[in-house]
$ cat data_3.cif   # mmCIF, C-alpha atoms
data_work
loop_
_atom_site.label_atom_id
_atom_site.label_comp_id
_atom_site.auth_asym_id
_atom_site.auth_seq_id
_atom_site.Cartn_x
_atom_site.Cartn_y
_atom_site.Cartn_z
CA MET A 276 -77.71 -63.36 -62.22
CA GLN A 277 -74.86 -65.56 -61.09
CA GLN A 278 -75.44 -67.14 -57.70
CA HIS A 279 -73.68 -65.47 -54.78
CA ARG A 280 -71.18 -68.04 -53.50
CA ILE A 281 -71.05 -68.32 -49.71
CA ILE A 282 -68.49 -70.70 -48.22
CA VAL A 283 -68.57 -71.57 -44.53
CA LEU A 284 -65.40 -73.13 -43.15
CA GLY A 285 -65.97 -75.45 -40.22
CA ALA A 286 -69.18 -77.13 -39.03
CA GLY A 287 -68.91 -76.79 -35.30
CA TYR A 288 -71.66 -74.97 -33.42
CA THR A 289 -70.94 -71.60 -35.03
CA GLY A 290 -70.28 -72.67 -38.60
CA ALA A 291 -73.26 -75.02 -38.76
CA ILE A 292 -75.60 -72.44 -37.23
CA ALA A 293 -74.38 -69.72 -39.61
CA ALA A 294 -74.86 -71.93 -42.68
CA GLY A 295 -78.35 -73.02 -41.69
CA ARG A 296 -79.43 -69.53 -40.72
CA LEU A 297 -78.23 -68.12 -44.05
CA ALA A 298 -80.10 -70.83 -45.94
CA LYS A 299 -83.31 -69.92 -44.13
CA GLN A 300 -83.05 -66.24 -45.03
CA LEU A 301 -81.78 -66.21 -48.63
CA HIS A 302 -83.59 -67.41 -51.74
CA ARG A 303 -82.10 -70.68 -52.92
CA GLU A 304 -81.91 -69.56 -56.56
CA ASP A 305 -79.73 -66.60 -55.60
CA VAL A 306 -77.08 -68.22 -53.39
CA ALA A 307 -74.88 -71.29 -53.31
CA ILE A 308 -74.00 -72.12 -49.69
CA THR A 309 -71.17 -74.61 -49.18
CA LEU A 310 -70.24 -75.90 -45.73
CA VAL A 311 -66.72 -77.36 -45.60
CA ASN A 312 -65.95 -79.85 -42.84
CA PRO A 313 -63.72 -82.93 -42.58
CA GLU A 314 -66.33 -85.04 -40.73
CA PRO A 315 -69.86 -85.99 -41.85
CA ASP A 316 -71.37 -85.72 -38.37
CA PHE A 317 -71.93 -82.86 -35.96
CA VAL A 318 -69.66 -83.04 -32.91
CA GLU A 319 -71.07 -81.83 -29.59
CA ARG A 320 -67.79 -80.43 -28.36
CA VAL A 321 -69.25 -79.46 -24.99
CA ARG A 322 -69.76 -83.18 -24.29
CA MET A 323 -66.27 -84.47 -25.05
CA HIS A 324 -65.61 -85.22 -21.36
CA GLN A 325 -68.63 -87.52 -21.45
CA LEU A 326 -67.37 -89.29 -24.55
CA ALA A 327 -63.97 -89.74 -22.90
CA VAL A 328 -65.40 -91.76 -20.01
CA GLY A 329 -67.33 -94.15 -22.23
CA GLN A 330 -70.72 -92.53 -22.62
CA ASP A 331 -72.41 -92.80 -26.02
CA LEU A 332 -73.49 -89.54 -27.65
CA PRO A 333 -76.33 -89.07 -30.16
CA HIS A 334 -75.41 -89.58 -33.82
CA ARG A 335 -76.10 -86.33 -35.70
CA PRO A 336 -75.25 -86.65 -39.43
CA PHE A 337 -75.18 -83.38 -41.38
CA SER A 338 -76.98 -85.10 -44.24
CA GLU A 339 -80.06 -85.24 -42.01
CA MET A 340 -79.56 -81.90 -40.27
CA PHE A 341 -79.32 -79.97 -43.55
CA ALA A 342 -81.71 -82.06 -45.64
CA GLY A 343 -83.85 -79.82 -47.83
CA THR A 344 -82.07 -76.59 -46.87
CA GLY A 345 -79.93 -76.18 -49.97
CA VAL A 346 -76.70 -76.21 -47.93
CA GLU A 347 -74.08 -78.34 -49.70
CA LEU A 348 -71.76 -80.23 -47.34
CA LYS A 349 -68.25 -80.68 -48.70
CA LEU A 350 -66.25 -83.27 -46.78
CA ALA A 351 -62.75 -81.87 -46.94
CA THR A 352 -59.98 -80.32 -44.88
CA VAL A 353 -59.14 -76.65 -45.35
CA THR A 354 -55.44 -76.15 -46.10
CA ALA A 355 -55.25 -72.46 -47.05
CA VAL A 356 -57.26 -69.28 -47.56
CA ASP A 357 -56.30 -66.61 -50.09
CA ALA A 358 -58.20 -63.52 -48.99
CA GLU A 359 -57.01 -61.47 -51.98
CA ARG A 360 -58.05 -63.97 -54.66
CA ARG A 361 -61.13 -65.05 -52.65
CA THR A 362 -60.25 -68.71 -52.78
CA VAL A 363 -60.05 -71.60 -50.32
CA ALA A 364 -57.77 -74.60 -50.84
CA VAL A 365 -59.13 -77.93 -49.56
CA THR A 366 -58.11 -81.58 -49.65
CA ALA A 367 -60.18 -84.75 -49.50
CA GLY A 368 -58.12 -87.92 -49.47
CA ASN A 369 -55.59 -87.58 -52.27
CA THR A 370 -57.61 -84.91 -54.07
CA SER A 371 -56.95 -81.18 -53.75
CA GLU A 372 -59.04 -78.37 -55.18
CA GLU A 373 -59.63 -74.65 -54.95
CA LEU A 374 -63.02 -73.16 -54.14
CA GLU A 375 -63.99 -69.59 -55.06
CA TYR A 376 -66.20 -67.48 -52.84
CA ASP A 377 -67.97 -64.14 -52.83
CA THR A 378 -68.54 -64.24 -49.07
CA LEU A 379 -66.54 -66.34 -46.64
CA VAL A 380 -67.57 -67.32 -43.10
CA TYR A 381 -64.49 -68.49 -41.23
CA ALA A 382 -65.44 -70.81 -38.35
CA LEU A 383 -62.49 -73.16 -38.02
CA GLY A 384 -62.52 -72.79 -34.26
CA SER A 385 -59.77 -73.92 -31.93
CA GLY A 386 -57.98 -76.94 -30.55
CA TRP A 387 -56.04 -77.76 -27.43
CA ASN A 388 -53.07 -75.62 -26.42
CA PRO A 389 -49.98 -77.47 -25.11
CA GLN A 390 -48.48 -74.02 -24.42
CA GLY A 391 -44.98 -75.24 -25.15
CA VAL A 392 -44.73 -77.27 -21.94
CA PRO A 393 -42.15 -80.04 -22.51
CA GLY A 394 -43.63 -83.49 -23.01
CA THR A 395 -47.23 -82.33 -23.31
CA ALA A 396 -47.66 -83.07 -27.00
CA GLU A 397 -46.04 -86.50 -26.58
CA HIS A 398 -47.63 -87.71 -23.34
CA ALA A 399 -50.77 -85.71 -22.50
CA HIS A 400 -54.33 -86.31 -23.72
CA GLU A 401 -56.75 -83.64 -24.93
CA ILE A 402 -60.54 -83.49 -25.06
CA ALA A 403 -60.94 -80.50 -27.37
CA SER A 404 -61.76 -82.84 -30.27
CA ARG A 405 -63.60 -86.10 -30.84
CA PRO A 406 -60.44 -88.01 -31.89
CA GLY A 407 -58.72 -86.79 -28.73
CA ALA A 408 -61.65 -87.77 -26.53
CA LEU A 409 -61.79 -91.23 -28.14
CA ARG A 410 -58.06 -91.77 -27.56
CA LEU A 411 -58.51 -90.81 -23.92
CA ARG A 412 -61.54 -93.09 -23.69
CA GLU A 413 -59.44 -96.06 -24.82
CA ARG A 414 -56.63 -95.20 -22.40
CA LEU A 415 -58.91 -94.76 -19.40
CA ALA A 416 -60.64 -98.05 -20.13
CA ALA A 417 -57.25 -99.80 -19.92
CA LEU A 418 -56.36 -98.39 -16.49
CA GLU A 419 -56.40 -100.66 -13.48
CA ALA A 420 -57.90 -99.72 -10.13
CA GLY A 421 -55.76 -97.35 -8.10
CA GLN A 422 -53.90 -95.82 -11.02
CA ALA A 423 -53.50 -92.05 -11.12
CA VAL A 424 -55.10 -89.56 -13.49
CA VAL A 425 -53.97 -85.92 -13.42
CA VAL A 426 -56.10 -83.23 -15.04
CA VAL A 427 -54.05 -80.09 -15.72
CA GLY A 428 -56.04 -76.86 -15.82
CA GLY A 429 -58.59 -75.45 -13.38
CA GLY A 430 -60.98 -73.82 -15.84
CA LEU A 431 -64.40 -75.00 -16.95
CA THR A 432 -63.04 -77.87 -19.05
CA GLY A 433 -60.73 -79.04 -16.27
CA LEU A 434 -63.50 -79.10 -13.67
CA GLU A 435 -65.81 -81.01 -15.99
CA ALA A 436 -63.14 -83.53 -17.00
CA ALA A 437 -61.96 -84.25 -13.47
CA THR A 438 -65.44 -84.74 -12.02
CA GLU A 439 -66.65 -86.82 -14.97
CA ILE A 440 -63.66 -89.17 -14.73
CA ALA A 441 -63.89 -89.47 -10.94
CA GLU A 442 -67.62 -90.22 -11.06
CA ALA A 443 -67.31 -92.77 -13.87
CA ARG A 444 -64.19 -94.42 -12.40
CA PRO A 445 -64.29 -94.10 -8.59
CA ASP A 446 -61.53 -96.72 -8.46
CA LEU A 447 -58.99 -94.28 -9.94
CA ALA A 448 -56.98 -91.64 -8.08
CA VAL A 449 -57.96 -88.37 -9.78
CA THR A 450 -56.04 -85.14 -9.20
CA LEU A 451 -56.60 -81.68 -10.66
CA ALA A 452 -53.70 -79.22 -10.89
CA ALA A 453 -54.68 -75.55 -11.05
CA ARG A 454 -52.43 -72.51 -11.35
CA GLY A 455 -54.61 -70.56 -8.91
CA GLU A 456 -57.20 -71.32 -6.28
CA LEU A 457 -59.78 -73.93 -7.20
CA GLY A 458 -62.64 -72.09 -8.94
CA ASP A 459 -61.08 -68.72 -8.18
CA TRP A 460 -63.30 -66.93 -10.72
CA LEU A 461 -66.51 -68.22 -9.11
CA SER A 462 -68.62 -66.73 -6.35
CA ASP A 463 -68.15 -67.94 -2.76
CA LYS A 464 -71.16 -70.23 -3.16
CA GLY A 465 -69.82 -71.58 -6.43
CA ARG A 466 -66.33 -72.28 -5.03
CA GLN A 467 -67.77 -73.99 -1.96
CA HIS A 468 -69.92 -76.24 -4.10
CA VAL A 469 -66.98 -77.25 -6.32
CA ARG A 470 -64.97 -78.12 -3.21
CA LYS A 471 -67.85 -80.18 -1.83
CA VAL A 472 -68.21 -82.14 -5.08
CA PHE A 473 -64.44 -82.71 -5.23
CA ALA A 474 -64.48 -84.03 -1.67
CA ASP A 475 -67.48 -86.29 -2.35
CA LEU A 476 -65.78 -87.74 -5.44
CA GLY A 477 -62.39 -88.08 -3.77
CA ILE A 478 -60.62 -85.69 -6.16
CA THR A 479 -57.36 -84.15 -4.95
CA ALA A 480 -56.94 -80.47 -5.83
CA LEU A 481 -53.40 -79.16 -6.21
CA GLU A 482 -53.88 -75.39 -6.04
CA HIS A 483 -51.35 -72.72 -7.03
CA THR A 484 -49.52 -75.44 -8.95
CA ALA A 485 -47.90 -74.95 -12.34
CA VAL A 486 -47.01 -78.07 -14.33
CA THR A 487 -43.58 -77.57 -15.88
CA ALA A 488 -43.28 -80.84 -17.81
CA VAL A 489 -45.23 -83.98 -18.64
CA GLU A 490 -43.65 -87.42 -18.68
CA ALA A 491 -45.09 -90.82 -19.51
CA ASP A 492 -45.90 -91.68 -15.89
CA ARG A 493 -45.89 -88.34 -14.05
CA VAL A 494 -46.12 -84.56 -14.27
CA LEU A 495 -43.44 -82.28 -12.90
CA THR A 496 -44.21 -79.25 -10.74
CA ALA A 497 -42.19 -76.80 -8.66
CA ASP A 498 -43.20 -78.80 -5.60
CA GLY A 499 -42.05 -82.09 -7.06
CA PRO A 500 -43.34 -84.86 -9.33
CA VAL A 501 -46.95 -86.07 -9.27
CA PRO A 502 -47.68 -89.65 -10.42
CA ALA A 503 -49.86 -89.82 -13.54
CA ALA A 504 -50.64 -92.95 -15.51
CA VAL A 505 -52.77 -90.57 -17.63
CA THR A 506 -52.43 -86.80 -17.97
CA VAL A 507 -55.34 -84.77 -19.37
CA TRP A 508 -54.35 -81.28 -20.57
CA THR A 509 -57.10 -78.62 -20.44
CA THR A 510 -55.23 -75.31 -20.09
CA GLY A 511 -57.04 -73.23 -22.69
CA PHE A 512 -57.37 -73.30 -26.46
CA ALA A 513 -55.30 -72.34 -29.49
CA VAL A 514 -57.02 -71.12 -32.65
CA HIS A 515 -56.58 -72.84 -36.01
CA PRO A 516 -53.35 -71.53 -37.60
CA ILE A 517 -54.66 -70.92 -41.13
CA ALA A 518 -55.86 -67.33 -40.56
CA ARG A 519 -52.42 -66.26 -39.40
CA ALA A 520 -51.01 -67.26 -42.80
CA THR A 521 -53.42 -64.96 -44.68
CA THR A 522 -53.51 -61.20 -45.26
CA LEU A 523 -56.48 -60.90 -42.88
CA GLU A 524 -55.89 -58.72 -39.84
CA VAL A 525 -55.41 -61.04 -36.88
CA THR A 526 -54.41 -60.74 -33.24
CA ASP A 527 -51.14 -62.01 -31.81
CA ASN A 528 -52.77 -65.37 -31.09
CA GLY A 529 -54.21 -65.68 -34.62
CA GLN A 530 -57.83 -64.64 -34.07
CA ILE A 531 -59.42 -62.65 -36.91
CA VAL A 532 -60.27 -59.10 -35.86
CA VAL A 533 -63.93 -58.34 -36.58
CA ASP A 534 -66.37 -55.48 -36.12
CA ARG A 535 -69.71 -55.60 -34.29
CA THR A 536 -71.28 -57.55 -37.16
CA MET A 537 -68.53 -60.21 -37.18
CA ARG A 538 -67.08 -58.77 -40.40
CA SER A 539 -63.32 -58.72 -40.88
CA VAL A 540 -61.99 -55.20 -40.36
CA SER A 541 -59.55 -55.69 -43.23
CA HIS A 542 -61.58 -57.72 -45.77
CA PRO A 543 -65.30 -56.89 -46.16
CA ASP A 544 -66.11 -60.20 -47.85
CA VAL A 545 -64.91 -62.25 -44.87
CA TYR A 546 -66.78 -62.88 -41.62
CA ALA A 547 -65.39 -64.80 -38.66
CA VAL A 548 -67.31 -66.40 -35.80
CA GLY A 549 -66.65 -68.45 -32.69
CA ASP A 550 -63.19 -69.07 -31.29
CA ALA A 551 -61.61 -68.01 -34.60
CA ALA A 552 -62.63 -64.35 -34.12
CA LEU A 553 -61.79 -61.59 -31.71
CA ALA A 554 -65.08 -59.83 -30.98
CA MET A 555 -65.72 -57.22 -28.31
CA GLY A 556 -68.51 -57.57 -25.78
CA PRO A 557 -69.87 -55.34 -23.00
CA CYS A 558 -67.42 -52.81 -21.57
CA ASP A 559 -65.28 -53.42 -24.69
CA LYS A 560 -63.91 -56.63 -23.23
CA PRO A 561 -62.92 -59.41 -25.63
CA LEU A 562 -65.43 -62.27 -25.63
CA ARG A 563 -64.08 -65.56 -24.29
CA MET A 564 -63.83 -68.71 -26.36
CA SER A 565 -67.00 -70.68 -25.65
CA CYS A 566 -70.21 -72.03 -27.16
CA ALA A 567 -72.06 -69.30 -25.25
CA THR A 568 -70.07 -66.74 -27.20
CA GLY A 569 -70.03 -68.47 -30.58
CA THR A 570 -73.76 -68.99 -31.00
CA PRO A 571 -74.81 -65.31 -30.92
CA MET A 572 -71.76 -64.48 -33.05
CA ALA A 573 -73.06 -66.91 -35.68
CA TRP A 574 -76.54 -65.34 -35.51
CA GLN A 575 -75.03 -61.88 -35.96
CA ALA A 576 -72.83 -62.85 -38.89
CA ALA A 577 -75.58 -64.70 -40.76
CA ASP A 578 -78.12 -61.92 -40.24
CA ALA A 579 -75.62 -59.24 -41.27
CA ILE A 580 -74.68 -61.10 -44.46
CA ALA A 581 -78.33 -61.66 -45.35
CA ALA A 582 -79.19 -58.02 -44.72
CA ARG A 583 -76.32 -56.68 -46.79
CA LEU A 584 -77.07 -58.98 -49.70
CA THR A 585 -80.79 -58.19 -49.72
CA GLY A 586 -80.62 -54.47 -49.01
CA GLY A 587 -82.07 -54.77 -45.52
CA LYS A 588 -81.09 -53.12 -42.27
CA VAL A 589 -78.19 -54.83 -40.54
CA PRO A 590 -79.39 -56.01 -37.10
CA LYS A 591 -77.23 -55.95 -33.99
CA THR A 592 -77.38 -59.09 -31.87
CA PRO A 593 -76.61 -58.38 -28.20
CA LEU A 594 -73.37 -60.09 -27.22
CA ARG A 595 -73.48 -60.56 -23.47
CA TYR A 596 -73.30 -63.28 -20.84
CA PHE A 597 -75.89 -64.50 -18.37
CA ASN A 598 -74.31 -67.51 -16.69
CA GLN A 599 -71.60 -70.13 -16.84
CA CYS A 600 -72.94 -73.70 -16.94
CA ILE A 601 -70.64 -76.37 -15.47
CA SER A 602 -71.37 -80.08 -15.25
CA LEU A 603 -69.73 -81.81 -12.30
CA GLY A 604 -70.44 -85.38 -13.30
CA ARG A 605 -73.92 -86.58 -14.25
CA ARG A 606 -75.55 -85.87 -10.89
CA GLU A 607 -74.06 -82.53 -9.89
CA GLY A 608 -73.74 -79.18 -11.59
CA LEU A 609 -73.09 -75.48 -11.07
CA ILE A 610 -74.80 -72.58 -12.78
CA GLN A 611 -72.78 -69.49 -11.93
CA TYR A 612 -74.68 -66.30 -12.74
CA VAL A 613 -72.55 -63.51 -14.16
CA THR A 614 -72.70 -59.89 -15.24
CA ALA A 615 -73.03 -58.97 -18.92
CA ASP A 616 -69.23 -58.87 -19.18
CA ASP A 617 -68.83 -62.30 -17.54
CA ARG A 618 -67.95 -61.43 -13.93
CA SER A 619 -69.40 -63.74 -11.28
CA VAL A 620 -72.13 -62.46 -8.98
CA ARG A 621 -73.23 -63.95 -5.65
CA ALA A 622 -76.11 -65.97 -7.10
CA ALA A 623 -75.46 -69.56 -8.18
CA LEU A 624 -77.57 -72.67 -8.75
CA THR A 625 -76.08 -75.95 -7.53
CA GLY A 626 -76.80 -79.67 -7.22
CA ARG A 627 -79.06 -81.90 -9.29
CA LEU A 628 -81.18 -79.01 -10.52
CA ALA A 629 -78.06 -77.35 -11.90
CA ALA A 630 -77.06 -80.64 -13.56
CA ARG A 631 -80.45 -80.84 -15.27
CA TYR A 632 -80.19 -77.18 -16.30
CA LYS A 633 -76.77 -77.82 -17.86
CA GLU A 634 -78.13 -80.86 -19.70
CA LEU A 635 -80.94 -78.74 -21.16
CA ILE A 636 -78.39 -76.15 -22.29
CA CYS A 637 -76.33 -78.83 -24.06
CA LYS A 638 -79.39 -80.28 -25.77
CA GLY A 639 -80.55 -76.79 -26.72
CA ALA A 640 -77.19 -75.96 -28.28
CA ALA A 641 -77.34 -79.05 -30.49
CA TRP A 642 -81.00 -78.41 -31.31
CA SER A 643 -80.21 -74.86 -32.42
CA VAL A 644 -77.81 -76.20 -35.06
CA ALA A 645 -80.62 -78.15 -36.73
CA HIS A 646 -83.14 -75.32 -36.21
CA PRO A 647 -81.08 -72.16 -36.84
CA LYS A 648 -84.03 -69.86 -37.52
CA MET A 649 -86.74 -71.52 -35.45
CA GLY A 650 -88.86 -68.94 -33.69
CA PHE A 651 -88.11 -66.31 -36.33
CA PRO A 652 -90.31 -67.31 -39.29
CA THR A 653 -89.42 -65.49 -42.45
CA ARG A 654 -89.70 -65.99 -46.19
CA PRO A 655 -86.40 -66.28 -48.06
CA ARG A 656 -85.35 -62.91 -49.44
CA ARG A 657 -83.94 -62.20 -52.90
CA VAL A 658 -80.34 -61.14 -53.26
CA LEU A 659 -79.90 -57.58 -54.55
CA ASN A 660 -76.18 -57.00 -53.99
CA HIS A 661 -74.18 -59.76 -55.65
CA ARG A 662 -70.76 -58.33 -54.85
CA PRO A 663 -69.53 -57.53 -51.33
CA THR A 664 -69.93 -53.91 -50.30
CA PRO A 665 -67.20 -51.78 -48.72
CA ILE A 666 -66.88 -51.76 -44.96
CA GLU A 667 -69.20 -49.19 -43.46
CA ALA A 668 -69.07 -47.68 -40.01
CA THR A 669 -70.66 -49.96 -37.41
CA ALA A 670 -71.76 -49.17 -33.92
#

$ encode --input "data_3.cif" --output "structure tokens"
Amino acid sequence: MQQHRIIVLGAGYTGAIAAGRLAKQLHREDVAITLVNPEPDFVERVRMHQLAVGQDLPHRPFSEMFAGTGVELKLATVTAVDAERRTVAVTAGNTSEELEYDTLVYALGSGWNPQGVPGTAEHAHEIASRPGALRLRERLAALEAGQAVVVVGGGLTGLEAATEIAEARPDLAVTLAARGELGDWLSDKGRQHVRKVFADLGITALEHTAVTAVEADRVLTADGPVPAAVTVWTTGFAVHPIARATTLEVTDNGQIVVDRTMRSVSHPDVYAVGDAALAMGPCDKPLRMSCATGTPMAWQAADAIAARLTGGKVPKTPLRYFNQCISLGRREGLIQYVTADDRSVRAALTGRLAARYKELICKGAAWSVAHPKMGFPTRPRRVLNHRPTPIEATA
């Protein structure tokens, strides 16, 4: 029997976990699993604010992480997907080629979102990628004492970036501009703690402030210009544009629409995980873009693919939230407990204990990439269904 060709696009948290989990469950003689990624090392995206301020992160080469698993790493950039012909176009240097698949796992994720604000693409820095974080690292290192840094965006990434920069460089004037109230989605305890940390670190919070343009040395707002030797833009994410150019059913923002097993609702041989997919969680609310969302999505997709190929029962991984973990520098943190559908409750963990908790979560996320099936010992199963099966009703 010809090997079933599984191609996983993107080796972030979700793509790497999905590839490793599939390799653990399927017999190596029956499948060929190819992981396509432009970089040879795993990037801990949740630590990019640390990289930006000069901290060194662990080196995690895929060659070591996937040694002995049967997963083939292809260092290349994805340029197109043809969902009708079941092919993926990739480039590596000056070489282009076309890869054929029987099952595709689309995990190309997301990048920063300038949101069309004038001057952002030209003058602002992003920390949604390692190259972006390294560029910001170089720029921050060149700043002299007293110069201004403005972080635009009051979400999780904005809070982490502002506090990390202020703690690492107390000689800089750090400001955070938020469209709403600082930490307005948090509980009272959570908001109070964020304000305390901001005060301790000397961070200025501009609340209810929309940035209308970014210039080389300032940002413009309705209340006037704000000096900024460096502007860091953290106002949400934009998904990779490739899916929008395919015949896959996607949302207005380009996310692939999937069912409860992470399977495309329009193409049964395609699965999408992480930021690239629109999946529904508790109360039929769309899941937010985050590592906390992507990891169980990757588990679900890998387990569903393995079950369908081997004739097993398709499991249903619960997709729900428990908390939001926020680092506020290296010494402070906030663990905001939430409902299953991600609404804050009164309970929150703060201070050094929360910082240690967040650090454990980050280490655990990276560990899970290298140990995708740890805790669930199983013998590899033989593939029975070589070709993809039609979409069936899913709960």

$ atom_distance --input "data_3.cif" --atom1 "atom CA of A:Ile282" --atom2 "atom CA of A:Lys591"
22.3 Å

$ closest_residue --input "data_3.cif" --among "A:Val426, A:Val507, A:Ile636, A:Leu332" --to "A:Glu397" --atoms "all atoms listed in the file"
A:Val507

$ atom_distance --input "data_3.cif" --atom1 "atom CA of A:Arg656" --atom2 "atom CA of A:Leu301"
4.9 Å

$ residues_near_point --input "data_3.cif" --point "(-67.2, -71.7, -37.8)" --cutoff "7 Å" --atoms "all atoms listed in the file" --output "mmCIF file with C-alpha atoms, keeping the file's coordinate frame"
data_model
loop_
_atom_site.group_PDB
_atom_site.id
_atom_site.type_symbol
_atom_site.label_atom_id
_atom_site.label_comp_id
_atom_site.auth_asym_id
_atom_site.auth_seq_id
_atom_site.Cartn_x
_atom_site.Cartn_y
_atom_site.Cartn_z
ATOM 1 C CA VAL A 283 -68.570 -71.570 -44.530
ATOM 2 C CA LEU A 284 -65.400 -73.130 -43.150
ATOM 3 C CA GLY A 285 -65.970 -75.450 -40.220
ATOM 4 C CA ALA A 286 -69.180 -77.130 -39.030
ATOM 5 C CA GLY A 287 -68.910 -76.790 -35.300
ATOM 6 C CA THR A 289 -70.940 -71.600 -35.030
ATOM 7 C CA GLY A 290 -70.280 -72.670 -38.600
ATOM 8 C CA ALA A 291 -73.260 -75.020 -38.760
ATOM 9 C CA VAL A 380 -67.570 -67.320 -43.100
ATOM 10 C CA TYR A 381 -64.490 -68.490 -41.230
ATOM 11 C CA ALA A 382 -65.440 -70.810 -38.350
ATOM 12 C CA LEU A 383 -62.490 -73.160 -38.020
ATOM 13 C CA GLY A 384 -62.520 -72.790 -34.260
ATOM 14 C CA VAL A 548 -67.310 -66.400 -35.800
ATOM 15 C CA GLY A 549 -66.650 -68.450 -32.690
#

$ residues_around --input "data_3.cif" --residues "A:Thr614" --least-positions-apart "3" --cutoff "10 Å" --atoms "all atoms listed in the file" --output "list of chain:residue names"
A:Pro557, A:Arg595, A:Tyr596, A:Phe597, A:Asn598, A:Asp617, A:Arg618, A:Ser619, A:Val620

$ resolve_selection --input "data_3.cif" --expression "the PyMOL selection byres ((chain A and resi 307) around 9)" --output "number ranges by chain"
A: 278-282, 303-306, 308-309, 345-347

$ resolve_selection --input "data_3.cif" --expression "the PyMOL selection byres ((chain A and resi 528-538) around 9)" --output "JSON, numbers by chain"
{"A": [380, 381, 513, 514, 515, 516, 517, 518, 519, 520, 523, 524, 525, 526, 527, 539, 540, 541, 542, 543, 544, 545, 546, 547, 548, 550, 551, 552, 553, 554, 555, 556, 572, 573, 575, 576, 578, 579, 580, 589, 590, 591, 592, 666, 669, 670]}

$ atom_distance --input "data_3.cif" --atom1 "atom CA of A:Pro445" --atom2 "atom CA of A:Lys471"
15.9 Å

$ residues_around --input "data_3.cif" --residues "A:Pro502" --least-positions-apart "2" --cutoff "9 Å" --atoms "all atoms listed in the file" --output "NGL selection string"
:A and (422-425 or 492-495 or 500 or 504-505)

$ resolve_selection --input "data_3.cif" --expression "the PyMOL selection byres ((chain A and resi 485-488) around 6)" --output "count of residues only"
9

$ residues_around --input "data_3.cif" --residues "A:Leu431" --least-positions-apart "5" --cutoff "12 Å" --atoms "all atoms listed in the file" --output "NGL selection string"
:A and (321 or 324 or 426 or 436-438 or 453 or 457-461 or 469 or 509-512 or 563-565 or 599-603 or 608-611)

$ closest_residue --input "data_3.cif" --among "A:Gln325, A:Thr479, A:Thr366, A:Thr625" --to "A:Asn312" --atoms "only C-alpha atoms"
A:Thr366

$ closest_residue --input "data_3.cif" --among "A:Gln277, A:Ala497, A:Arg605, A:Ser643" --to "A:Ala630" --atoms "all atoms listed in the file"
A:Arg605

$ closest_residue --input "data_3.cif" --among "A:Glu372, A:Arg470, A:Trp508, A:His302" --to "A:Leu411" --atoms "all atoms listed in the file"
A:Trp508

$ closest_residue --input "data_3.cif" --among "A:Ala293, A:Ala640, A:Met340, A:Val472" --to "A:Pro315" --atoms "all atoms listed in the file"
A:Met340

$ closest_residue --input "data_3.cif" --among "A:Arg657, A:Lys633, A:Arg405, A:Arg583" --to "A:Glu607" --atoms "all atoms listed in the file"
A:Lys633

$ residues_near_point --input "data_3.cif" --point "(-80.2, -78.6, -41.6)" --cutoff "12 Å" --atoms "all atoms listed in the file" --output "MDAnalysis selection string"
chainID A and resid 286 290:299 310 316:317 335:348 641:649

$ build_atoms --input "data_3.cif" --residues "stretch 314-324 of chain A" --atoms "N, CA and C atoms" --output "tab-separated table (two decimals), in the coordinates of the input"
chain	number	residue	atom	x	y	z
A	314	GLU	N	-65.53	-83.93	-41.25
A	314	GLU	CA	-66.33	-85.04	-40.73
A	314	GLU	C	-67.78	-84.91	-41.18
A	315	PRO	N	-68.47	-86.03	-41.38
A	315	PRO	CA	-69.86	-85.99	-41.85
A	315	PRO	C	-70.89	-85.80	-40.76
A	316	ASP	N	-70.44	-85.82	-39.49
A	316	ASP	CA	-71.37	-85.72	-38.37
A	316	ASP	C	-71.06	-84.50	-37.51
A	317	PHE	N	-72.10	-83.98	-36.89
A	317	PHE	CA	-71.93	-82.86	-35.96
A	317	PHE	C	-71.35	-83.36	-34.64
A	318	VAL	N	-70.33	-82.67	-34.16
A	318	VAL	CA	-69.66	-83.04	-32.91
A	318	VAL	C	-70.10	-82.09	-31.81
A	319	GLU	N	-70.69	-82.64	-30.75
A	319	GLU	CA	-71.07	-81.83	-29.59
A	319	GLU	C	-69.83	-81.64	-28.72
A	320	ARG	N	-69.08	-80.62	-29.03
A	320	ARG	CA	-67.79	-80.43	-28.36
A	320	ARG	C	-67.95	-80.24	-26.86
A	321	VAL	N	-69.06	-79.69	-26.42
A	321	VAL	CA	-69.25	-79.46	-24.99
A	321	VAL	C	-69.47	-80.76	-24.23
A	322	ARG	N	-69.56	-81.88	-24.94
A	322	ARG	CA	-69.76	-83.18	-24.29
A	322	ARG	C	-68.54	-84.11	-24.42
A	323	MET	N	-67.40	-83.60	-24.82
A	323	MET	CA	-66.27	-84.47	-25.05
A	323	MET	C	-65.79	-85.17	-23.78
A	324	HIS	N	-65.98	-84.55	-22.61
A	324	HIS	CA	-65.61	-85.22	-21.36
A	324	HIS	C	-66.50	-86.43	-21.10
